[in-house]
Amino acid sequence: MHRDSNSNAPQTPKQRHRKRSNEGIPDTSKANGGNLLVDDQNKYRSFMIRARSTVWMILAFALIIYMGHLYITAMIIVIQIIMAKELFNLLRRSHEDRQLPGFRLLNWHFFFTAMLFVYGCILSQRLVNTVTSDKVLYHFVSTLIKYHTVSCYSSYITGFVWFIVTLKKKTYKYQFGQYAWTHMILIVVFVQSSFTVASIFEGIFWFLLPATLIIINDIAAYIFGFFFGRTPLIKLSPKKTWEGFIGASFSTIISAFVLANVLGRSQWFTCPRKDLSTGWLHCDPGPLFKPDYYSLGEFLPEWFPWKEISILPVQWHAVCFGLFASIIAPFGGFFASGFKRAFNIKDFGDSIPGHGGITDRMDCQMVMAVFAYIYHQSFVVPQSLSVEMILDQILMNLSLEEQQALFVKLGQILQQGAMGKS
């Protein structure tokens with residue numbers, strides 16, 4: 001009877017609650033203006049904090065540029081370490097880490113192995129050029145370079161075995177997740193940053209110009225968005241506006257053209273560094289940095305004081321840099337914004353007041369660094385072997401006896417050629 005009475009009662013449908021996404025649903029009211037800088041009540045306070053940090057960063061950056069190639073490289077290394085620390089901590093869980101003593105050290109083992117490999121490949125030839133005059137040191141450095149790859153591979157395999165040996169039951173998923181996360185960090189940090197260091201030794205110009213354009217674009221986008229921003233640009237970054245994007249684009253392109261003329265007239269910025277010394281540089285600037293003069297007499301009245309202007313050919317390349325820095329490079333920032341939203345974090349760190357962490361400032365820089373190096377190698381560097389490149393390969397790869405044999409053989413070839421002409 002009890003069962004029958006229950007069966008005749010109306011059944012209340014069971015409510016199902018859909019699991020909410022941790023990414024959150026964007027608020028349309030905020031998307032239409034609530035998050036824009038022009039509507040932010042605390043924007044002047046945050047502007048002052050951000051401005052002070054920006055000034056200090058620019059002053060420190062200018063000082064390091066003045067000190068030279070090695071100090072700039074050291075700055076890149078410090079930035080890489082801080083970025084790696086911020087990204088390592090992003091997926092860290094204290095509960096699992098307490099069960100895995102020493103596991104965090106394994107991340108840094110892979111990090112410094114990657115650092116040894118990348119910088120060994122980039123700086124090995126310049127290290128050889130630095131110690132060429134000292135026979136003992138030259139032989140020692142040549143031996144290190146010869147076994148550089150196998151040393152790095154051995155170090156990586158050691159870390160791989162270390163990881164397998166330390167696998168612990170009930171933490172497999174966490175450990176393999178950290179292993180994959182570590183390798184993604186190495187790709188993001190080193191593969192892109194290596195292009196930065198390579199550009200530094202091609203000439204500070206090819207590092208400083210792209211890096212400065214990203215800074216100019218970021219500041220200009222903030223200022224135009226601060227005062228004029230009304231139209232949201234992309235949902236991933238609610239405070240980015242079309243007004244800021246367009247204003248920053250024009251500012252960056254104009255700045256690229258002008259800045260290239262200023263930097264291109266200094267040998268300190270334009271000369272490549274062939275070794276690891278810190279002395280002043282002297283070189284033939286090359287046709288890119290020799291001005292072309294254009295007459296303005298036909299377009300300007302006679303009373304105008306300037307009758308011609310000088311433009312460096314490299315300024316036209318700088319316009320391409322400006323276009324990329326203002327249109328494509330910001331997508332590195334959008335990618336970082338989406339990444340932070342996926343993990344429900346505001347910034348990667350808090351090391352820079354008003355800006356977040358180092359990673360927050362380097363998202364666009366990394367995209368720009370890769371483009372700058374590829375552009376330089378594809379459209380600027382002549383596609384031919386120079387005498388210096390051939391001599392570098394001879395000094396690096398041939399023993400003293402082989403170099404002597406090559407010298408004798410070249411003498412015979414040159415002598416036969418001279419006899420043939422006579």
# chains A, B, ... in the order shown; residues from 1 in each chain; ligands from 1
$ select_by_dssp --residues "region 159-252 of chain A" --states "strand (DSSP E)" --output "MDAnalysis selection string"
chainID A and resid 232:234 237:241
$ residues_around --residues "region 168-181 of chain A" --least-positions-apart "6" --cutoff "10 Å" --atoms "only C-alpha atoms" --output "ChimeraX atom specification"
/A:87-88,90-93,96-97,99-100,103-104,106-107,110,160,187
$ write_last_selection --atoms "C-alpha atoms" --output "short mmCIF file (atom, residue, chain, number, x, y, z; two decimals), in the first residue's frame"
data_model
loop_
_atom_site.label_atom_id
_atom_site.label_comp_id
_atom_site.auth_asym_id
_atom_site.auth_seq_id
_atom_site.Cartn_x
_atom_site.Cartn_y
_atom_site.Cartn_z
CA LEU A 87 56.18 29.44 -15.06
CA PHE A 88 57.44 26.57 -12.88
CA LEU A 90 52.26 28.21 -12.11
CA LEU A 91 51.32 24.51 -11.89
CA ARG A 92 53.11 23.71 -8.66
CA ARG A 93 51.17 21.90 -5.93
CA GLU A 96 52.51 16.70 -4.11
CA ASP A 97 55.86 18.49 -3.78
CA GLN A 99 55.75 13.86 -1.17
CA LEU A 100 58.52 14.28 -3.77
CA PHE A 103 61.64 16.77 -7.55
CA ARG A 104 61.65 20.55 -8.02
CA LEU A 106 64.88 18.23 -11.58
CA ASN A 107 63.12 21.11 -13.36
CA PHE A 110 66.65 20.42 -17.43
CA PHE A 160 65.61 11.59 -17.85
CA ILE A 187 60.62 25.58 -25.72
#
$ closest_atom_pairs --of "region 115-146 of chain A" --to "region 191-214 of chain A" --cutoff "9 Å" --atoms "only C-alpha atoms" --output "Markdown table"
| residue | atom | partner | partner_atom | distance |
| --- | --- | --- | --- | --- |
| A:Val118 | CA | A:Ser194 | CA | 6.6 |
| A:Tyr119 | CA | A:Ser194 | CA | 7.5 |
| A:Ile122 | CA | A:Ala198 | CA | 6.4 |
| A:Leu123 | CA | A:Ala198 | CA | 8.4 |
$ residues_around --residues "Val314 (chain A)" --least-positions-apart "5" --cutoff "8 Å" --atoms "only C-alpha atoms" --output "ChimeraX atom specification"
/A:260-261,264,288-289
$ closest_residue --among "A:Val141, A:Ala342, A:Leu70, A:Val128" --to "Gln393 (chain A)" --atoms "only C-alpha atoms"
A:Val128
$ closest_residue --among "A:Thr113, A:Thr54, A:Asn217, A:Ser378" --to "Tyr156 (chain A)" --atoms "only C-alpha atoms"
A:Thr113
$ residues_around --residues "Ala114 (chain A)" --least-positions-apart "6" --cutoff "9 Å" --atoms "only C-alpha atoms" --output "VMD selection string"
chain A and resid 152 156 186 190
